[in-house]
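Worksheet: the structure to be examined is printed underneath.
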Amino acid sequence: MSIRDRLSGNEAIATAMRQINPDVFAMFPITPSTEIPQYFAQYVADGKVDTEFICVESEHSSLSACIGAEAAGCRAITATSSAGLSFMNEVLYVAASSRLPIVLAVACRALTGPININHDYSDSMAERDSGFIQIYAENNQEAYDNYLQAHRIGETPDVRLPVMICEDGFITSHALENIELERDEDVRAFVGEYHPEHYLLKSENPLAVGPYGTSPYYMEARVAQAEAMKNAKRAILEVAADFERTFGRKYGLFEEYRMEDAEIALVLMGSSAGTAKAAVDELREQGVQAGLIKIRVFRPFPAEELAEALKHCKAVAVLDKSEGFSACGGPLFAETAAACINLDRRPKMVDIVYGLGGRDFTVDQAKRVFARLGRIVETGEIGPVYTHMGQRDLREEAQ
Amino acid sequence: MMNMTEIRWHGRGGQGAKTASLLLADAAFMSGKYVQSFPEYGPERSGAPITAYNRISDERCTIHSNIYAPDFVVVVDETLLESVDVTAGLKPEGAIVINSERSASELRPLLRGYPGQVFTIDAGAISRKHLGAYFPNTPMLAAIVAVSGCVDREDFLRDMESSYRHKFAKKPQVVQGNLDCLAEAMKEVKE
C-alpha cells in the first residue's frame with residue numbers, strides 16, 4: 001500500500017536512505033546534493049536510523065570512508081555533486097575495481113567553468129568510465145524508486161559493483177512534486193539485509209582489498225570487472241521485475257515513449273524526457289509519428305536493446321546534456337551511434353548539446369528538434385551532425 | 001494539459017517567495033491535486049530578485065521547464081516592478097497580484113501595457129497587524145488562492161490550520177496570528 005506524499009528529489013532520496021537504514025553514511029556537503037545528508041542528519045538525531053554518520057573533510061574522504069566500511073562488510077552510502085564527484089574520481093575507480101557495492105547519490109550539476117551550481121551531466125558523464133553502474137531519474141518518484149533498487153543491483157553476487165543514483169540538480173533535487181512512497185517495512189523486506197560472501201573482517205576467511213596487481217594479474221581483474229558490468233544489465237532487469245511485482249511501478253534499461261511506430265525520435269535523459277513527452281503528445285495529435293527513448297541506465301549501456309528500439313526509425317536526434325569536447329558530439333551520442341553501427345538499416349542520427357549549466361529546456365525546443373528531424377526525413381539531407389541548442393548569439397547581441 | 005494552473009512568483013531573497021510557493025503546493029496537494037513547486041536559483045544573496053514557480057493540475061505534469069506563459073503572477077516586492085518584466089508572458093485572461101499599499105489603478109501604468117486583471121494587497125500591513133513583523137509571503141499566499149481559485153477557500157484555510165499546528169507544534173501561540181493573516185488577506189485583496 002503506497003503512501004501519497006509530496007517531496008523534493010533530495011528528500012525522496014533521503015527518505016529511501018532512512019528506510020534502508022545503511023550501516024555507514026560518510027558525508028561532505030556540496031550544492032545541490034547537500035540536503036540529502038542534511039535530512040539524514042535529522043534522522044540520525046531523531047533516532048530513526050542507527051547508521052554511523054561520519055562527517056569527513058572532503059569528498060575524496062567521504063568515498064574513501066565508504067570504501068573502508070564496505071570492505072569491512074557494511075552497507076555504505078554517500079551523496080555528492082559536481083566538483084565533489086570530480087574530487088572522488090581517483091577513489092571511484094578504487095571502489096569499483098575493489099568490487100564494493102557502495103551506493104552514491106548524485107544530484108547532477110555542471111562542472112567549472114564558469115563556476116555554476118545548476119544542472120547538467122558534466123559531473124556524472126566525466127565518471128562514465130569509472131566502473132560505477134549509473135542509473136538516471138526523470139523525477140522525484142524515479143529517483144526514489146531507483147534508490148530502492150540500487151543496493152540489490154550492486155550487491156548481486158556476480159555483479160558486486162558500486163552504483164550511482166543520479167537525479168537532475170535543482171530541477172529534480174529541489175522541486176516539490178507528488179510521490180508514492182512505500183511503507184518502511186515493505187522497503188526493508190524488498191531491499192533485504194546485506195550478507196557479503198567476502199569481507200575484510202571475516203575471521204574465518206580473511207581477505208586483502210586493494211592489492212598491487214602486476215602485469216600478469218591486472219588484466220584478469222579488469223576483464224572480470226567488465227564481465228560484472230555485463231552481468232549488471234541482467235541484475236538491473238531482475239530487480240526491476242521484482243520491484244514491479246512488489247510495488248507496481250515498471251522500470252527497464254530505458255523507457256520507450258510512443259515508440260511503437262515512431263519515424264522520428266529523441267534519445268535523451270532525465271527531467272528533459274518528461275518535458276519532451278509533452279512535445280511528443282502534441283505532435284502525435286497532429287498525426288506526426290514522433291517518439292522518444294529515455295535512457296535510465298547509462299552504465300551498463302543498453303546497446304543491443306537500444307539498437308533494436310531505434311532500428312525502425314528514419315531519423316533520430318540524441319540530446320546530450322554535457323559537452324564532451326570531442327568536437328564531434330557528446331557522450332550519449334557516441335554511445336547511441338556505436339550501438340546502431342551494425343544495424344543493416346540505420347536511422348540518420350544527429351547530436352544536439354543543450355541545457356548546459358541549467359539552461360532551460362522547453363516543450364518548444366523539443367518540437368523544434370522534431371521539426372528538424374522531419375526535414376531530414378523529407379529531404380534525405382542530414383545537415384550538420386553536431387550542434388548546440390539554447391545558447392544566445394552573443395555576436396548578434398553585441399551589434 | 002487540461003485543468004493546469006501555472007503561477008510565477010517574483011520576490012527578493014529572504015522574503016519567502018520560495019516558501020510561499022511550497023506552501024501553495026502543499027495546500028493544493030492536500031486538496032487532492034498534482035503539484036510542482038520549484039525555485040529558479042541565481043546567485044543566492046539576500047535581497048536579490050528570485051523567481052519561483054507552481055504548476056497545479058489534475059494529472060501528473062511531466063513538463064519540467066520554467067513557466068513562460070503563466071496564468072497568474074505574484075509580486076511579493078513591488079520595487080521589482082521597476083527592474084523585472086513581471087508580466088512577461090502572463091496570459092491576458094489571467095491576473096497579477098502585487099504586494100503594495102497602492103491601488104491597482106496606480107500600479108497599472110508600471111505594468112508595461114498588461115491588459116489583464118491587476119490585484120493589490122497591502123501584505124506588509126496585514127502581516128504587521130497579525131504577526132507583528134514583515135512576513136509578506138503569508139498574506140500573498142492567501143491572496144493568490146483567492147484570486148486564482150486553484151484551491152477551494154474553505155479547504156485552504158482548514159488545511160493551512162492543520163499544517164500550521166504541525167509546523168508550529170512548539171510555538172502554538174503563533175498559529176492564530178497566521179490564520180488571521182490568511183483570512184484577512186483573502187478578504188482584502190482588491191482589483
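By order of appearance in the C-alpha cells: chains A, B, ..., then residues from 1 within every chain, and ligands from 1 in the order shown.
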Compile the contact shell of Lys129 (chain B) as a CSV table (one decimal) with N, CA and C atoms, in the first residue's frame: residues with an atom at most 12 Å away, counting only C-alpha atoms, same-chain residues fewer than 2 positions apart removed.
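The resulting selection.csv:
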```
chain,number,residue,atom,x,y,z
B,122,ASP,N,-2.1,45.0,0.6
B,122,ASP,CA,-1.1,45.6,1.5
B,122,ASP,C,-0.6,44.4,2.4
B,123,ALA,N,0.2,43.5,1.9
B,123,ALA,CA,0.6,42.4,2.7
B,123,ALA,C,1.4,42.7,3.9
B,124,GLY,N,2.2,43.8,3.7
B,124,GLY,CA,3.0,44.3,4.8
B,124,GLY,C,2.2,44.7,6.0
B,125,ALA,N,1.1,45.5,5.8
B,125,ALA,CA,0.3,45.9,6.9
B,125,ALA,C,-0.5,44.8,7.6
B,126,ILE,N,-1.0,43.8,6.7
B,126,ILE,CA,-1.7,42.7,7.3
B,126,ILE,C,-0.7,41.8,8.1
B,127,SER,N,0.5,41.6,7.6
B,127,SER,CA,1.4,40.8,8.3
B,127,SER,C,1.9,41.5,9.6
B,131,LEU,N,1.1,39.4,12.8
B,131,LEU,CA,2.3,38.7,13.1
B,131,LEU,C,3.3,39.6,13.8
B,132,GLY,N,3.1,40.9,13.8
B,132,GLY,CA,4.0,41.8,14.4
B,132,GLY,C,5.3,42.0,13.7
B,133,ALA,N,5.4,41.5,12.5
B,133,ALA,CA,6.6,41.7,11.7
B,133,ALA,C,6.3,41.6,10.2
B,134,TYR,N,7.3,41.9,9.4
B,134,TYR,CA,7.1,41.9,7.9
B,134,TYR,C,7.3,40.5,7.3
B,135,PHE,N,6.2,39.8,7.2
B,135,PHE,CA,6.3,38.4,6.6
B,135,PHE,C,5.3,38.5,5.4
B,136,PRO,N,5.6,39.1,4.3
B,136,PRO,CA,4.6,39.3,3.3
B,136,PRO,C,4.1,38.0,2.6
B,139,PRO,N,0.3,36.6,3.7
B,139,PRO,CA,-0.8,37.2,3.0
B,139,PRO,C,-0.8,37.0,1.5
B,177,GLY,N,-2.4,33.9,14.8
B,177,GLY,CA,-2.0,35.1,14.0
B,177,GLY,C,-1.8,34.8,12.5
B,178,ASN,N,-1.2,33.6,12.2
B,178,ASN,CA,-1.1,33.2,10.8
B,178,ASN,C,-2.4,33.0,10.1
B,180,ASP,N,-5.3,34.3,11.0
B,180,ASP,CA,-6.0,35.6,10.9
B,180,ASP,C,-5.4,36.3,9.6
B,181,CYS,N,-4.1,36.2,9.5
B,181,CYS,CA,-3.4,36.8,8.4
B,181,CYS,C,-4.0,36.3,7.1
B,182,LEU,N,-4.1,35.0,7.0
B,182,LEU,CA,-4.6,34.4,5.7
B,182,LEU,C,-6.1,34.9,5.5
B,184,GLU,N,-7.7,37.5,6.6
B,184,GLU,CA,-7.9,38.9,6.2
B,184,GLU,C,-7.4,39.2,4.8
B,185,ALA,N,-6.3,38.5,4.4
B,185,ALA,CA,-5.7,38.7,3.1
B,185,ALA,C,-6.7,38.3,2.0
```
I want to know what sits within 9 Å of Glu40 (chain B), based on only C-alpha atoms, with residues of the same chain fewer than 6 positions away left out; could you give that as a PyMOL selection string? (chain A and resi 170-171) or (chain B and resi 50-53+66)
Residue list for chain B near chain A as a VMD selection string, 9 Å, only C-alpha atoms: chain B and resid 1 22 25 to 26 29 33 to 42 60 to 66
For Tyr144 (chain A): contacts at 8 Å, only C-alpha atoms, fewer than 5 positions along chain excluded, given as a PyMOL selection string: chain A and resi 9+12-13+15-16
Proximity of region 91-113 of chain A to region 149-160 of chain A: per-residue shortest pair, 7 Å limit, only C-alpha atoms, as a Markdown table:
```
| residue | atom | partner | partner_atom | distance |
| --- | --- | --- | --- | --- |
| A:Arg99 | CA | A:Arg160 | CA | 5.2 |
| A:Leu100 | CA | A:Arg160 | CA | 6.1 |
| A:Pro101 | CA | A:Gly154 | CA | 4.8 |
| A:Val103 | CA | A:His151 | CA | 6.6 |
```
Can I get the selection written as an mmCIF file, in the first residue's frame, with C-alpha atoms?
```
data_model
loop_
_atom_site.group_PDB
_atom_site.id
_atom_site.type_symbol
_atom_site.label_atom_id
_atom_site.label_comp_id
_atom_site.auth_asym_id
_atom_site.auth_seq_id
_atom_site.Cartn_x
_atom_site.Cartn_y
_atom_site.Cartn_z
ATOM 1 C CA ARG A 99 34.036 -4.629 -6.270
ATOM 2 C CA LEU A 100 32.428 -2.752 -3.380
ATOM 3 C CA PRO A 101 28.686 -2.128 -3.896
ATOM 4 C CA VAL A 103 25.546 3.439 -3.357
#
```
Counting only C-alpha atoms, what is within 12 Å of Phe298 (chain A), bar same-chain residues fewer than 3 positions away, as a PyMOL selection string? chain A and resi 121+124-125+127-129+131-137+163-166+229+232-233+236+252-254+267-270+294-295+301-303+306+331-333+335-336
Select from region 178-357 of chain A everything DSSP, run on the backbone, classes as strand (DSSP E or B), then give the selection as a ChimeraX atom specification. /A:178-181,254-257,264-268,290-295,297-299,315-320,348-353
Writer output for current selection, C-alpha atoms, as a short mmCIF file (atom, residue, chain, number, x, y, z; two decimals), in the first residue's frame:
```
data_model
loop_
_atom_site.label_atom_id
_atom_site.label_comp_id
_atom_site.auth_asym_id
_atom_site.auth_seq_id
_atom_site.Cartn_x
_atom_site.Cartn_y
_atom_site.Cartn_z
CA ASN A 178 3.72 14.34 -5.74
CA ILE A 179 5.26 10.97 -4.96
CA GLU A 180 4.11 7.49 -3.98
CA LEU A 181 6.21 6.31 -1.05
CA PHE A 254 15.30 2.69 -20.83
CA GLU A 255 11.75 3.90 -21.28
CA GLU A 256 10.18 3.85 -24.74
CA TYR A 257 7.55 6.57 -25.06
CA ILE A 264 11.38 10.29 -35.74
CA ALA A 265 12.65 10.01 -32.20
CA LEU A 266 14.70 11.66 -29.49
CA VAL A 267 17.17 9.84 -27.23
CA LEU A 268 17.69 11.76 -24.00
CA ALA A 290 7.13 11.01 -33.02
CA GLY A 291 8.50 9.16 -30.02
CA LEU A 292 11.33 9.23 -27.53
CA ILE A 293 13.64 6.99 -25.60
CA LYS A 294 14.65 7.98 -22.10
CA ILE A 295 17.89 6.32 -21.08
CA VAL A 297 20.68 3.00 -17.27
CA PHE A 298 23.75 4.62 -18.81
CA ARG A 299 26.23 2.13 -17.29
CA ALA A 315 15.81 9.95 -38.11
CA VAL A 316 16.97 10.23 -34.50
CA ALA A 317 18.25 13.19 -32.50
CA VAL A 318 20.38 12.43 -29.46
CA LEU A 319 20.22 15.18 -26.82
CA ASP A 320 23.40 15.48 -24.78
CA LYS A 348 20.01 9.07 -39.73
CA MET A 349 21.35 10.49 -36.47
CA VAL A 350 22.30 13.93 -35.19
CA ASP A 351 23.56 15.15 -31.82
CA ILE A 352 22.37 18.29 -30.05
CA VAL A 353 24.16 19.54 -26.96
#
```
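Each of B:Glu154, B:Lys167, B:Ser100, B:Ser105 was checked against Glu188 (chain B) using only C-alpha atoms; the smallest atom-to-atom distance is that of B:Ser100.
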Name all residues at most 9 Å from Asn21 (chain A) (count only C-alpha atoms; drop same-chain ones fewer than 3 positions away) and give them as number ranges by chain. A: 16-18, 24, 48-51, 75, 188
Could those residues be written to a file, using C-alpha atoms, as a tab-separated table (two decimals), in the first residue's frame?
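The result, stored in result.tsv:
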```
chain	number	residue	atom	x	y	z
A	16	ALA	CA	14.81	5.92	0.77
A	17	MET	CA	18.12	6.02	2.68
A	18	ARG	CA	16.27	6.25	6.01
A	24	VAL	CA	27.54	3.91	7.33
A	48	LYS	CA	15.10	6.98	13.16
A	49	VAL	CA	18.21	5.18	11.88
A	50	ASP	CA	21.18	3.61	13.64
A	51	THR	CA	23.61	4.47	10.85
A	75	ARG	CA	26.41	-1.15	3.62
A	188	ARG	CA	13.15	-3.23	4.21
```
What's around Val147 (chain B) at 12 Å? Count only C-alpha atoms, leave out sequence neighbours fewer than 4 positions away in its own chain, and write the answer as a ChimeraX atom specification. /B:7,71-74,94-98,117-121,140-143,151-153,185-191
